[in-house]
Structure formats: C-alpha cells, structure tokens
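Engineer: You'll find entry_14.cif just under this line, and it carries mmCIF, C-alpha atoms.
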data_work
loop_
_atom_site.label_atom_id
_atom_site.label_comp_id
_atom_site.auth_asym_id
_atom_site.auth_seq_id
_atom_site.Cartn_x
_atom_site.Cartn_y
_atom_site.Cartn_z
CA MET A 1 -33.17 -20.04 32.83
CA ALA A 2 -30.64 -17.61 31.39
CA LYS A 3 -32.03 -14.92 29.17
CA PRO A 4 -30.91 -15.13 25.56
CA LYS A 5 -28.27 -12.64 24.53
CA ARG A 6 -29.65 -9.63 22.75
CA HIS A 7 -27.97 -8.83 19.48
CA PRO A 8 -27.31 -5.18 18.62
CA LYS A 9 -29.89 -3.71 16.31
CA ALA A 10 -29.07 -1.93 13.09
CA PRO A 11 -28.78 1.83 13.58
CA ALA A 12 -32.17 3.52 13.56
CA GLY A 13 -33.22 5.40 10.48
CA ARG A 14 -35.83 5.59 7.78
CA PRO A 15 -35.63 2.74 5.23
CA LEU A 16 -34.28 4.04 1.93
CA ASN A 17 -35.42 3.40 -1.61
CA ALA A 18 -32.96 2.61 -4.40
CA GLU A 19 -32.21 6.24 -5.17
CA GLY A 20 -31.80 7.07 -1.49
CA ILE A 21 -29.43 4.15 -1.03
CA ALA A 22 -27.19 5.32 -3.88
CA LYS A 23 -27.12 8.86 -2.47
CA ALA A 24 -26.40 7.62 1.06
CA VAL A 25 -23.51 5.44 -0.14
CA ARG A 26 -21.95 8.32 -2.08
CA GLY A 27 -22.28 10.59 0.93
CA ALA A 28 -20.85 8.07 3.36
CA LEU A 29 -17.85 7.31 1.15
CA ALA A 30 -17.15 11.00 0.57
CA SER A 31 -17.34 11.98 4.23
CA GLN A 32 -15.60 9.01 5.86
CA PRO A 33 -11.88 9.62 6.60
CA VAL A 34 -9.54 6.80 5.59
CA LEU A 35 -6.91 4.83 7.42
CA ASP A 36 -4.61 4.07 4.47
CA ILE A 37 -3.17 0.69 5.43
CA HIS A 38 -0.26 0.61 2.93
CA THR A 39 1.70 3.42 1.27
CA HIS A 40 5.28 4.40 0.47
CA LEU A 41 4.83 7.98 1.68
CA TYR A 42 6.91 9.94 4.18
CA PRO A 43 6.55 13.24 6.04
CA SER A 44 8.91 16.14 5.37
CA SER A 45 11.27 15.20 8.23
CA PHE A 46 12.60 12.47 5.91
CA GLY A 47 13.76 15.15 3.48
CA THR A 48 12.51 16.06 0.03
CA PRO A 49 14.39 16.10 -3.28
CA VAL A 50 11.84 18.44 -4.86
CA ALA A 51 13.20 21.82 -5.94
CA ASN A 52 11.33 24.33 -3.80
CA ARG A 53 11.89 27.89 -2.64
CA ARG A 54 10.55 27.19 0.84
CA VAL A 55 12.65 24.24 2.00
CA LYS A 56 16.20 22.98 1.79
CA VAL A 57 16.43 20.40 -0.97
CA ASP A 58 17.69 16.97 0.06
CA PRO A 59 18.70 15.07 -3.12
CA ALA A 60 18.15 11.73 -1.38
CA GLY A 61 15.02 12.81 0.47
CA LEU A 62 12.17 10.34 0.76
CA MET A 63 9.18 12.69 0.66
CA LEU A 64 8.29 12.71 -3.05
CA TRP A 65 5.81 15.27 -4.39
CA GLY A 66 5.24 17.69 -7.25
CA ILE A 67 4.62 17.48 -10.97
CA ASP A 68 8.00 16.02 -11.96
CA GLU A 69 7.69 13.21 -9.41
CA MET A 70 4.11 12.49 -10.52
CA LEU A 71 5.09 12.26 -14.18
CA THR A 72 8.20 10.13 -13.65
CA TYR A 73 6.32 7.54 -11.59
CA HIS A 74 7.28 4.08 -12.83
CA TYR A 75 3.84 3.38 -14.34
CA LEU A 76 4.27 6.30 -16.70
CA VAL A 77 7.91 5.48 -17.45
CA ALA A 78 6.91 2.00 -18.65
CA GLU A 79 4.04 3.47 -20.66
CA LEU A 80 6.39 6.00 -22.29
CA LEU A 81 9.02 3.44 -23.28
CA ARG A 82 6.33 1.38 -25.02
CA VAL A 83 5.47 4.15 -27.46
CA VAL A 84 8.62 6.18 -28.16
CA PRO A 85 10.37 5.28 -31.42
CA ALA A 86 12.98 2.57 -30.92
CA GLY A 87 16.03 3.96 -29.20
CA GLN A 88 14.63 7.54 -28.91
CA PRO A 89 15.51 7.41 -26.09
CA SER A 90 16.66 3.95 -25.07
CA PRO A 91 15.91 2.99 -21.46
CA ALA A 92 19.57 3.55 -20.57
CA ALA A 93 19.52 7.02 -22.15
CA PHE A 94 16.21 7.86 -20.44
CA TRP A 95 17.62 7.12 -16.98
CA LYS A 96 20.55 9.47 -17.65
CA MET A 97 18.25 12.41 -18.43
CA PRO A 98 17.57 15.04 -15.74
CA LYS A 99 14.23 14.44 -14.03
CA GLU A 100 12.70 17.60 -15.51
CA ASP A 101 13.60 16.43 -19.02
CA GLN A 102 12.10 13.01 -18.29
CA ALA A 103 8.87 14.65 -17.11
CA ASP A 104 8.76 16.94 -20.15
CA LEU A 105 9.14 13.96 -22.47
CA ILE A 106 6.41 11.99 -20.70
CA TRP A 107 4.04 14.97 -20.75
CA LYS A 108 4.57 15.57 -24.45
CA THR A 109 4.45 11.90 -25.48
CA LEU A 110 1.64 10.53 -23.29
CA PHE A 111 -0.52 13.62 -22.72
CA LEU A 112 -0.12 15.87 -25.77
CA ASP A 113 0.79 13.55 -28.64
CA ARG A 114 -1.98 11.05 -27.78
CA SER A 115 -5.02 10.94 -25.50
CA PRO A 116 -4.07 10.27 -21.84
CA VAL A 117 -6.68 7.55 -21.31
CA SER A 118 -4.65 5.12 -19.17
CA GLU A 119 -5.44 5.05 -15.46
CA ALA A 120 -1.98 6.39 -14.58
CA CYS A 121 -2.40 9.33 -16.96
CA ARG A 122 -5.96 10.06 -15.83
CA GLY A 123 -4.74 10.02 -12.25
CA VAL A 124 -2.33 12.88 -12.93
CA LEU A 125 -5.12 14.91 -14.54
CA THR A 126 -7.56 14.25 -11.68
CA THR A 127 -4.91 15.38 -9.23
CA LEU A 128 -4.08 18.58 -11.10
CA GLY A 129 -7.76 19.47 -11.28
CA ARG A 130 -8.35 18.90 -7.56
CA LEU A 131 -5.36 21.13 -6.77
CA GLY A 132 -6.98 23.92 -8.77
CA LEU A 133 -4.72 23.59 -11.79
CA LYS A 134 -5.93 23.43 -15.37
CA PRO A 135 -5.14 20.07 -17.01
CA GLY A 136 -3.85 20.26 -20.57
CA GLU A 137 -1.16 22.95 -20.37
CA LYS A 138 1.23 22.79 -23.32
CA SER A 139 4.23 22.91 -21.00
CA LEU A 140 4.86 22.09 -17.35
CA ALA A 141 6.00 25.62 -16.46
CA ARG A 142 2.80 26.68 -14.64
CA TYR A 143 2.63 23.44 -12.72
CA ARG A 144 6.26 23.75 -11.64
CA MET A 145 5.69 27.32 -10.46
CA PHE A 146 2.70 26.16 -8.39
CA PHE A 147 4.61 23.39 -6.61
CA ALA A 148 7.72 25.55 -6.14
CA SER A 149 5.59 28.02 -4.19
CA ARG A 150 4.12 25.43 -1.84
CA ASN A 151 5.20 24.73 1.71
CA PRO A 152 5.64 20.92 1.85
CA ASP A 153 3.95 20.50 5.24
CA ARG A 154 0.97 22.64 4.25
CA HIS A 155 0.79 20.85 0.90
CA LEU A 156 0.77 17.51 2.71
CA ALA A 157 -2.16 18.67 4.84
CA ASP A 158 -4.00 19.88 1.74
CA CYS A 159 -3.49 16.59 -0.10
CA MET A 160 -4.69 14.57 2.87
CA LYS A 161 -7.74 16.80 3.15
CA LEU A 162 -8.55 16.48 -0.55
CA ALA A 163 -8.15 12.70 -0.35
CA ASN A 164 -9.96 12.59 3.04
CA VAL A 165 -7.17 10.46 4.51
CA GLU A 166 -6.57 10.81 8.25
CA THR A 167 -3.81 8.21 8.82
CA ILE A 168 -0.99 7.09 6.51
CA THR A 169 1.01 3.94 7.11
CA MET A 170 4.52 4.13 5.73
CA THR A 171 6.87 1.40 4.48
CA ASN A 172 10.10 1.57 6.50
CA ASP A 173 13.04 -0.56 5.41
CA PRO A 174 16.09 -0.88 7.70
CA PHE A 175 17.95 -2.61 4.85
CA ASP A 176 17.72 0.58 2.79
CA ASP A 177 20.85 2.58 3.67
CA ASN A 178 19.21 5.92 2.93
CA GLU A 179 16.27 5.34 5.24
CA ARG A 180 18.29 3.48 7.86
CA SER A 181 20.69 6.40 8.28
CA ARG A 182 17.79 8.78 8.87
CA TRP A 183 16.32 6.66 11.67
CA MET A 184 19.73 6.04 13.23
CA SER A 185 20.48 9.78 13.30
CA GLY A 186 17.71 10.27 15.84
CA LYS A 187 16.61 13.40 13.98
CA ILE A 188 13.33 12.07 12.57
CA ARG A 189 10.50 14.35 13.66
CA ARG A 190 7.44 12.25 14.39
CA ASP A 191 4.28 13.18 12.54
CA PRO A 192 1.12 11.86 14.27
CA ARG A 193 -0.60 11.42 10.89
CA PHE A 194 1.99 8.79 9.88
CA ARG A 195 2.49 5.32 11.34
CA ALA A 196 5.58 3.22 10.70
CA VAL A 197 5.69 -0.30 9.26
CA LEU A 198 8.78 -2.50 9.53
CA ARG A 199 9.55 -3.95 6.08
CA LEU A 200 11.78 -7.04 6.07
CA ASP A 201 11.87 -8.67 2.62
CA PRO A 202 15.60 -9.63 2.71
CA MET A 203 15.23 -11.61 5.93
CA ILE A 204 12.81 -14.00 4.20
CA VAL A 205 13.83 -14.04 0.55
CA ALA A 206 17.60 -13.46 0.85
CA TRP A 207 18.69 -14.44 4.34
CA PRO A 208 22.43 -14.96 3.64
CA ALA A 209 22.74 -11.42 2.29
CA ALA A 210 20.58 -10.04 5.10
CA ALA A 211 22.67 -11.88 7.70
CA LYS A 212 25.87 -10.41 6.29
CA ARG A 213 24.52 -6.90 6.65
CA MET A 214 23.12 -7.51 10.12
CA ALA A 215 26.48 -8.89 11.24
CA GLY A 216 28.05 -5.65 10.06
CA TRP A 217 25.63 -3.78 12.30
CA GLY A 218 26.73 -5.76 15.35
CA TYR A 219 24.20 -8.62 15.41
CA ARG A 220 25.79 -12.05 15.92
CA VAL A 221 24.07 -13.90 13.08
CA SER A 222 25.23 -16.47 10.53
CA ASP A 223 24.05 -17.82 7.18
CA ARG A 224 22.59 -20.82 8.99
CA PRO A 225 19.91 -19.84 11.50
CA ASP A 226 21.03 -21.74 14.60
CA ARG A 227 19.64 -20.97 18.04
CA ALA A 228 21.97 -18.03 18.62
CA THR A 229 21.18 -16.54 15.22
CA ILE A 230 17.44 -16.80 15.85
CA GLN A 231 17.83 -14.96 19.15
CA GLU A 232 19.86 -12.22 17.50
CA ALA A 233 17.33 -11.92 14.70
CA ARG A 234 14.62 -11.43 17.29
CA ARG A 235 16.74 -8.76 18.97
CA PHE A 236 17.15 -6.97 15.65
CA LEU A 237 13.37 -7.05 15.07
CA LYS A 238 12.57 -5.71 18.52
CA ASP A 239 15.20 -2.99 18.27
CA TRP A 240 13.65 -1.72 15.05
CA LEU A 241 10.04 -2.20 16.12
CA HIS A 242 10.66 -0.07 19.16
CA MET A 243 12.66 2.55 17.27
CA LEU A 244 9.91 2.91 14.68
CA ASP A 245 6.94 2.28 16.98
CA ALA A 246 5.71 0.14 14.08
CA VAL A 247 2.11 -0.99 13.74
CA TYR A 248 2.91 -4.16 11.76
CA ILE A 249 5.74 -6.09 10.11
CA ALA A 250 5.59 -6.56 6.34
CA ALA A 251 7.30 -8.35 3.47
CA SER A 252 6.78 -8.30 -0.27
CA LEU A 253 7.15 -11.87 -1.47
CA PRO A 254 7.59 -13.36 -4.95
CA PRO A 255 5.08 -15.65 -6.67
CA ALA A 256 7.40 -18.55 -5.82
CA PHE A 257 6.94 -18.04 -2.07
CA ARG A 258 5.93 -21.26 -0.36
CA TYR A 259 5.26 -22.17 3.24
CA PRO A 260 6.50 -24.74 4.05
CA SER A 261 9.35 -23.85 1.73
CA ARG A 262 9.88 -25.61 -1.58
CA TRP A 263 12.11 -22.95 -3.07
CA ASP A 264 15.13 -24.05 -5.07
CA ASN A 265 17.43 -21.21 -3.95
CA PRO A 266 20.03 -21.61 -1.18
CA GLY A 267 18.39 -19.12 1.18
CA ALA A 268 14.91 -20.65 1.15
CA ALA A 269 15.23 -22.96 4.14
CA ALA A 270 16.99 -20.23 6.11
CA GLY A 271 14.32 -17.67 5.22
CA GLU A 272 11.59 -20.07 6.31
CA LEU A 273 13.29 -20.59 9.66
CA ILE A 274 13.66 -16.85 10.18
CA LEU A 275 9.97 -16.36 9.41
CA LYS A 276 8.89 -19.27 11.60
CA GLU A 277 11.27 -18.84 14.54
CA ALA A 278 11.94 -15.11 14.63
CA ILE A 279 9.49 -12.90 12.73
CA LEU A 280 6.18 -14.56 13.59
CA PRO A 281 7.03 -15.18 17.27
CA VAL A 282 8.05 -11.53 17.65
CA CYS A 283 4.81 -10.45 15.96
CA ALA A 284 2.87 -12.56 18.46
CA GLU A 285 4.83 -11.24 21.44
CA GLU A 286 4.40 -7.64 20.33
CA HIS A 287 0.74 -8.17 19.30
CA LEU A 288 1.41 -7.02 15.75
CA PRO A 289 0.09 -8.39 12.44
CA PHE A 290 2.39 -9.75 9.76
CA ALA A 291 1.58 -8.40 6.29
CA ALA A 292 2.38 -10.65 3.33
CA MET A 293 2.18 -8.96 -0.05
CA ILE A 294 2.54 -11.85 -2.46
CA GLY A 295 3.09 -11.97 -6.19
CA SER A 296 5.65 -9.41 -7.31
CA GLU A 297 8.06 -10.77 -9.91
CA ARG A 298 11.02 -8.40 -9.73
CA GLY A 299 13.15 -7.28 -12.64
CA VAL A 300 11.33 -9.02 -15.50
CA ASN A 301 12.79 -6.29 -17.71
CA PRO A 302 15.86 -4.98 -15.86
CA GLU A 303 16.33 -2.11 -18.33
CA LEU A 304 13.22 -0.49 -16.90
CA LYS A 305 14.54 -0.60 -13.30
CA GLY A 306 11.60 -0.09 -10.91
CA ALA A 307 9.20 -0.09 -13.86
CA GLY A 308 10.30 -3.57 -14.91
CA ASP A 309 8.38 -5.69 -12.38
CA MET A 310 5.18 -7.62 -13.04
CA PRO A 311 2.61 -9.82 -11.25
CA GLY A 312 2.73 -13.58 -10.89
CA ARG A 313 0.30 -16.06 -9.38
CA GLY A 314 1.03 -16.93 -5.77
CA ASP A 315 0.21 -19.99 -3.69
CA ILE A 316 -2.95 -19.80 -1.58
CA ARG A 317 -2.04 -22.94 0.35
CA SER A 318 0.97 -21.13 1.76
CA VAL A 319 -1.39 -18.46 3.12
CA THR A 320 -3.73 -21.01 4.68
CA ASN A 321 -0.77 -23.00 6.03
CA LEU A 322 0.50 -19.90 7.83
CA CYS A 323 -2.94 -19.03 9.22
CA ARG A 324 -3.50 -22.59 10.44
CA THR A 325 0.01 -23.18 11.82
CA PHE A 326 0.15 -19.86 13.66
CA PRO A 327 -3.37 -19.29 15.04
CA ASN A 328 -2.09 -16.71 17.54
CA ASN A 329 -0.74 -14.52 14.74
CA ARG A 330 -2.72 -12.08 12.63
CA PHE A 331 -2.03 -11.95 8.90
CA LEU A 332 -2.71 -9.01 6.60
CA VAL A 333 -2.55 -10.36 3.05
CA THR A 334 -2.85 -8.89 -0.41
CA MET A 335 -1.96 -10.69 -3.62
CA LEU A 336 -0.94 -9.18 -6.93
CA SER A 337 -2.39 -11.68 -9.36
CA ARG A 338 -6.02 -11.35 -10.41
CA GLU A 339 -6.21 -15.15 -10.53
CA ASN A 340 -5.56 -15.39 -6.77
CA GLN A 341 -8.41 -13.14 -5.64
CA HIS A 342 -11.27 -15.63 -5.39
CA GLU A 343 -9.23 -18.23 -3.50
CA LEU A 344 -7.91 -15.53 -1.17
CA ALA A 345 -11.42 -14.32 -0.33
CA VAL A 346 -12.58 -17.86 0.37
CA ALA A 347 -9.51 -18.44 2.56
CA ALA A 348 -10.46 -15.37 4.59
CA ARG A 349 -13.84 -16.99 5.35
CA LYS A 350 -12.01 -19.92 6.92
CA PHE A 351 -9.50 -18.04 9.08
CA PRO A 352 -10.51 -15.15 11.38
CA ASN A 353 -6.79 -14.31 11.75
CA LEU A 354 -6.61 -13.45 8.04
CA MET A 355 -7.52 -9.93 6.85
CA ILE A 356 -7.31 -9.30 3.13
CA PHE A 357 -6.67 -5.76 2.00
CA GLY A 358 -6.71 -3.62 -1.08
CA CYS A 359 -6.32 -3.99 -4.81
CA TRP A 360 -2.57 -3.91 -4.97
CA TRP A 361 -0.42 -2.31 -7.65
CA PHE A 362 -1.51 -3.65 -11.09
CA LEU A 363 -4.95 -4.47 -9.67
CA ASN A 364 -5.51 -0.80 -8.82
CA ASN A 365 -7.48 -0.17 -12.01
CA PRO A 366 -11.22 0.64 -12.02
CA SER A 367 -12.37 -2.48 -13.88
CA LEU A 368 -10.50 -4.76 -11.51
CA ILE A 369 -11.44 -2.84 -8.36
CA ASP A 370 -15.08 -3.25 -9.43
CA GLU A 371 -14.76 -6.99 -10.05
CA ILE A 372 -12.70 -7.75 -6.94
CA THR A 373 -14.74 -5.61 -4.55
CA THR A 374 -18.01 -7.11 -5.81
CA MET A 375 -16.71 -10.62 -5.27
CA ARG A 376 -15.34 -9.82 -1.81
CA VAL A 377 -18.61 -8.27 -0.62
CA GLU A 378 -20.49 -11.35 -1.83
CA ILE A 379 -18.12 -13.69 0.04
CA LEU A 380 -17.02 -11.65 3.07
CA GLY A 381 -19.73 -9.09 3.63
CA THR A 382 -18.19 -6.19 5.52
CA SER A 383 -15.16 -8.02 6.98
CA PHE A 384 -12.30 -6.91 4.72
CA ILE A 385 -10.34 -3.78 3.79
CA PRO A 386 -11.37 -2.90 0.24
CA GLN A 387 -8.54 -0.58 -0.68
CA HIS A 388 -5.21 1.02 0.12
CA SER A 389 -3.47 3.62 -2.02
CA ASP A 390 0.05 2.14 -2.30
CA ALA A 391 0.95 5.76 -3.08
CA ARG A 392 4.63 6.61 -3.61
CA ILE A 393 4.08 10.23 -4.61
CA LEU A 394 2.15 12.39 -2.15
CA GLU A 395 -0.42 13.69 -4.64
CA GLN A 396 -1.34 10.15 -5.68
CA LEU A 397 -3.43 10.01 -2.50
CA ILE A 398 -5.90 12.36 -4.20
CA TYR A 399 -6.61 10.42 -7.36
CA LYS A 400 -6.22 6.91 -6.00
CA TRP A 401 -8.82 7.46 -3.30
CA GLU A 402 -11.14 9.50 -5.52
CA HIS A 403 -11.05 6.91 -8.30
CA SER A 404 -11.49 4.05 -5.83
CA ARG A 405 -14.49 5.70 -4.20
CA GLU A 406 -16.01 6.19 -7.67
CA VAL A 407 -15.88 2.43 -8.24
CA ILE A 408 -16.60 1.14 -4.74
CA GLY A 409 -19.69 3.34 -4.42
CA PRO A 410 -21.78 1.71 -7.16
CA VAL A 411 -20.68 -1.75 -5.97
CA LEU A 412 -21.95 -1.07 -2.45
CA ALA A 413 -25.08 0.69 -3.68
CA ALA A 414 -26.02 -2.32 -5.83
CA LYS A 415 -25.54 -4.68 -2.89
CA TYR A 416 -27.62 -2.54 -0.52
CA GLN A 417 -30.34 -2.19 -3.17
CA ALA A 418 -30.41 -5.97 -3.58
CA LEU A 419 -30.62 -6.27 0.22
CA ALA A 420 -33.55 -3.83 0.29
CA ARG A 421 -35.42 -5.94 -2.27
CA THR A 422 -35.47 -8.80 0.24
CA GLY A 423 -37.49 -6.59 2.58
CA TRP A 424 -34.56 -5.76 4.87
CA PRO A 425 -34.68 -2.07 5.91
CA VAL A 426 -31.53 -0.34 4.62
CA THR A 427 -30.92 2.94 6.44
CA ALA A 428 -28.42 5.76 6.08
CA PRO A 429 -26.95 5.18 9.58
CA ALA A 430 -26.37 1.50 8.75
CA ILE A 431 -24.59 2.42 5.52
CA GLU A 432 -22.45 4.98 7.36
CA ARG A 433 -21.55 2.34 9.97
CA ASP A 434 -20.48 -0.15 7.31
CA VAL A 435 -18.52 2.39 5.27
CA GLU A 436 -16.68 3.48 8.40
CA GLY A 437 -15.74 -0.16 8.83
CA TYR A 438 -14.50 -0.53 5.27
CA LEU A 439 -12.41 2.65 5.26
CA ARG A 440 -11.13 2.84 8.83
CA ARG A 441 -12.45 0.53 11.53
CA ASN A 442 -11.56 -2.83 9.96
CA ALA A 443 -7.95 -1.72 9.56
CA ALA A 444 -7.74 -0.06 12.97
CA GLY A 445 -9.36 -3.03 14.68
CA PHE A 446 -7.13 -5.60 13.02
CA LEU A 447 -4.00 -3.64 13.87
CA ALA A 448 -5.20 -3.49 17.47
CA GLY A 449 -6.04 -7.18 17.60
CA ALA A 450 -9.80 -7.13 17.12
CA LYS A 451 -11.52 -9.23 14.49
CA GLY A 452 -12.70 -7.47 11.31
#
Transcribe the structure of this file into structure tokens.
Structural biologist:
Amino acid sequence: MAKPKRHPKAPAGRPLNAEGIAKAVRGALASQPVLDIHTHLYPSSFGTPVANRRVKVDPAGLMLWGIDEMLTYHYLVAELLRVVPAGQPSPAAFWKMPKEDQADLIWKTLFLDRSPVSEACRGVLTTLGRLGLKPGEKSLARYRMFFASRNPDRHLADCMKLANVETITMTNDPFDDNERSRWMSGKIRRDPRFRAVLRLDPMIVAWPAAAKRMAGWGYRVSDRPDRATIQEARRFLKDWLHMLDAVYIAASLPPAFRYPSRWDNPGAAAGELILKEAILPVCAEEHLPFAAMIGSERGVNPELKGAGDMPGRGDIRSVTNLCRTFPNNRFLVTMLSRENQHELAVAARKFPNLMIFGCWWFLNNPSLIDEITTMRVEILGTSFIPQHSDARILEQLIYKWEHSREVIGPVLAAKYQALARTGWPVTAPAIERDVEGYLRRNAAGFLAGAKG
C-alpha cells in the first residue's frame, strides 16, 4: 500500500498573539522587496526630458522624474481644472503653458490655496518627505534645485530602495513612434532591474489602422486577417518579443471589449481574429502570459487629453470565455471598474490560468484598496497579486507602494488574527512566506508558468 503524500508543514515558529501578528505583518511588508508587475517607467537609456545639470536633456525622453513631472501628472491636471475659475486657464491654454508654469499653478492652487487631501496630492507630499525634502514650501525652487543636482541613475536606485522595489516591468509599445525608434536604433542599454512588456492595443481594438502601419514596416498584412496576414502578424509579434525579451504581452481594452466579439465597429471581427489566431497562439508558443487590462474609456473629455479618460464596467464573461477557450494560455487580468471586482475574484477561483492583479488606476485609492484586498483574501486566500504601482513618474514608486502597504497591512493582520482565533497557530515565518508570495513570488511564478 502506497504511503500517503506528506503535505508541507507551515514554517516553524512561535504562535503569535494579536499584537504580535500585527507587528509581524508590518515587518514582513516593509522588508519584502516587490516585483512591480505593471508600470510605465523606463531607465535612463530611454532618455529623460528633465532639466538636469548631470545629463543631456532629451525633450522626447521616456524616463520621467522630478518635481515638475510629479505635479503635472494627469491626476493633478484634472484636479486643477476642476477648481480654477472658468477659463483661467482653459484646458487649451493650460496645455500651451511651459511645464514649469503648469507645475507652479498646480502647486499654488491644489497645495497652497486649499488643503492637499486628495490621494494624488498626498502622494506628492509623502514622496517629498521620503526624499528628505520639507513638504509645504511656498515655491518649487528648492525642490527644483534638489532634482537638478541628482544623477538620474543614482536617483533611480534611491527611489527603488525607498519603495523596496527590486524589479520593474515596463510598458513597451511598438506602435508609439518615439519608443519604437529607440528600440530600432539598437542603442538601448539594458538595465537588469527592468523587464519589458509588449503592449499591443491597436492590434485588437483598431486592426485596420494597425495593419496599415505594419505594412509600412514591411509586414505583408491586410485589413482582413486572412491566413497570410495571420502568419505575418505572428512574425511581427515574435520579432518584437525577441527584441524586447518581453515577459508578457499586454493590451488595455475598453469596457465594450467582448470575446467572442459583439462590437459594432468595423475592426472588431478583425481584432478578435488577431487575438485568437495570432496573439494568443504566440503567447502559448513562447510560454508568456497575456495581460488584459479592461475598462478604460478613452477621451471622455478630450480637452483634458490624457487626463480625460474614465472607468467603465467590463464584461466578466469575456474573461471566462478566454480562460475556458484557451486553457493552455495564462491570463493576467485587472479591471478598472469597482463593480467588476467581485465577479473577477470569483472567476479566478474557477480558472487556474487566470491571475488577477492590482488595484488599477482609479481603484488605487486607500478606501478601495482596503475593500478590494479584503474581498480577494476572503475568496482567493494567497493566490493573487494584490497590487502594482502603475507608476508613470519614477518617484511615484515611493508613495504608491508606501500607501498600499499601509492599507494592505491591516487587512492581512485582521485575517491572520481571525485565523488565530480558530486555534490555528499563526507564526512570523508563515506570514513572511505569504507576504513574499503576495509581493513577489505570485507574479514571478505566473510569469514563469507556475500556478499562483
């Protein structure tokens, strides 16, 4: 008779009381380095537009950092244009202002003329404090002098250390001419702290336009994805995957995304075919996840440019249809609407090839992180990725991870305390093991093909 399999025991350690549990959770979250599964950050080899005495300024550079970039982040632009007197300035006039003038106006209006209580404002203040700067200066002069004196590469290392982030995944878009030209030049200096992600929104949501551009780059594709077009689309994907050494393929999709497609635009059927016949098969062949970020309604207020988008409720059945139809593919999914979160967590219980991640964009607020993380722990235990930064400005790593840890900590402590009341021994090593899973191992394992 075969011996029964022995299950691994929880890590040894002294059972903790409620106070000890809370302390152990805080310590584990503070000390555990993060694999940040989704950002819009770049290393200095992509150039920086920030005025600085130590580096050559690249006006179209992709590494964004410093006080003026922090203050002109689209969250704060939208907040500013809510409260300025009508037409002073108008959105059109604001966009014509030099960046320093935009930052000065935002600082005066949102930080000095009223209390900076919004999460986006508080994030700037947290960041300044952690960098050793005094929040509340009457002008930005001291802050600008500080950043002008910094070496970008050393500053990057300092920000990652303060945020306790060890790996940053980028968002790399070959349909963006600025970024494409940098990769094609062959001059990108690889930074081992950064991993590339191939972003392909146009191939799914606007195939005719994407096909036109790809044809201009020498790929024999047409508006209608016939067999030859599918093969060329696969060639395009593999060319870019190998150039980037990407760790997954991603697309940001609108609330109207459906699989199977029921869109009413001309490119919907074509986009579905490209997803079904090119993108997902290549993901399977290359053993890479496909990340679907669903729910961004673009350009609701075009005057605000990048600040004019908002969330919309997506379709959970499309997620489950993809997971069921393509069992050999792995899907990283985050959704922008609060109303989708419960269904998405339940869907993840049903499909081991589905990993949900983060509190994306407008959900990245403490009250919602608390609510969503609590619900996910109750449904999924330890088998999800609770957060990503979605940072676009380097210093945002600092506040987004600090603020998230502040919220996630009490959620986990309450759940471990409830577990202890059942008589289960909760130990510090077990907490450290689980936190390492939440902040690094679940992401690393899913990218590598292991279950969360």
Engineer: Rank A:Lys238, A:Lys23, A:Arg330, A:Arg258 by their smallest atom-to-atom distance to Glu272 of chain A, using all atoms listed in the file, and report the top residue only.
Structural biologist: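 With all atoms listed in the file as the atom set, the closest residue is A:Arg258.
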Engineer: Please compute the atom CA of Leu125 of chain A-atom CA of Leu397 of chain A distance, one decimal, in Å.
Structural biologist: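 Distance reported for this atom pair: 13.1 Å.
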Engineer: Per residue of segment 42-107 of chain A within 9 Å of segment 150-165 of chain A, which atom pair is closest and at what distance in Å (one decimal), using all atoms listed in the file, listed by chain and increasing number, as a Markdown table?
Structural biologist:
| residue | atom | partner | partner_atom | distance |
| --- | --- | --- | --- | --- |
| A:Pro43 | CA | A:Asp153 | CA | 7.8 |
| A:Ser44 | CA | A:Asp153 | CA | 6.6 |
| A:Thr48 | CA | A:Pro152 | CA | 8.6 |
| A:Asn52 | CA | A:Arg150 | CA | 7.6 |
| A:Arg53 | CA | A:Arg150 | CA | 8.2 |
| A:Arg54 | CA | A:Asn151 | CA | 6.0 |
| A:Val55 | CA | A:Asn151 | CA | 7.5 |
| A:Trp65 | CA | A:Pro152 | CA | 8.4 |
Engineer: Pull out every residue that the PyMOL selection byres ((chain A and resi 72) around 9) matches in the shown coordinates and put them as a VMD selection string.
Structural biologist: chain A and resid 67 to 71 73 to 77 99 to 100 102 to 103 106
Engineer: Go through segment 51-120 of chain A residue by residue and, counting only C-alpha atoms, keep those with an atom at most 12 Å from segment 364-388 of chain A; for each kept residue give the shortest atom pair and its distance in Å to one decimal, ordered by chain and increasing number, as JSON lines.
Structural biologist:
{"residue": "A:Tyr75", "atom": "CA", "partner": "A:Asn364", "partner_atom": "CA", "distance": 11.6}
{"residue": "A:Ser118", "atom": "CA", "partner": "A:Asn365", "partner_atom": "CA", "distance": 9.3}
{"residue": "A:Glu119", "atom": "CA", "partner": "A:Asn365", "partner_atom": "CA", "distance": 6.6}
{"residue": "A:Ala120", "atom": "CA", "partner": "A:Asn365", "partner_atom": "CA", "distance": 8.9}
Engineer: Going by the chain IDs and residue numbers used in this file, which residues fall under the PyMOL selection byres ((chain A and resi 21) around 9)? Write them as a list in words.
Structural biologist: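 Applied to this file, the PyMOL selection byres ((chain A and resi 21) around 9) selects Pro15, Leu16, Asn17, Ala18, Glu19, Gly20, Ala22, Lys23, Ala24, Val25, Arg26, Ala413, Ala414, Tyr416, Gln417, Val426, Thr427, Ala428 and Ile431 of chain A.
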Engineer: As a check of understanding, name the residues that the PyMOL selection byres ((chain A and resi 140) around 12) selects in the supplied structure, as a PyMOL selection string.
Structural biologist: chain A and resi 66-68+70-71+100-108+111-112+128+133-139+141-147
Engineer: I'd like to know which of A:Thr127, A:Arg190, A:Leu280, A:Ala28 is closest to Glu402 of chain A, using only C-alpha atoms.
Structural biologist: A:Thr127
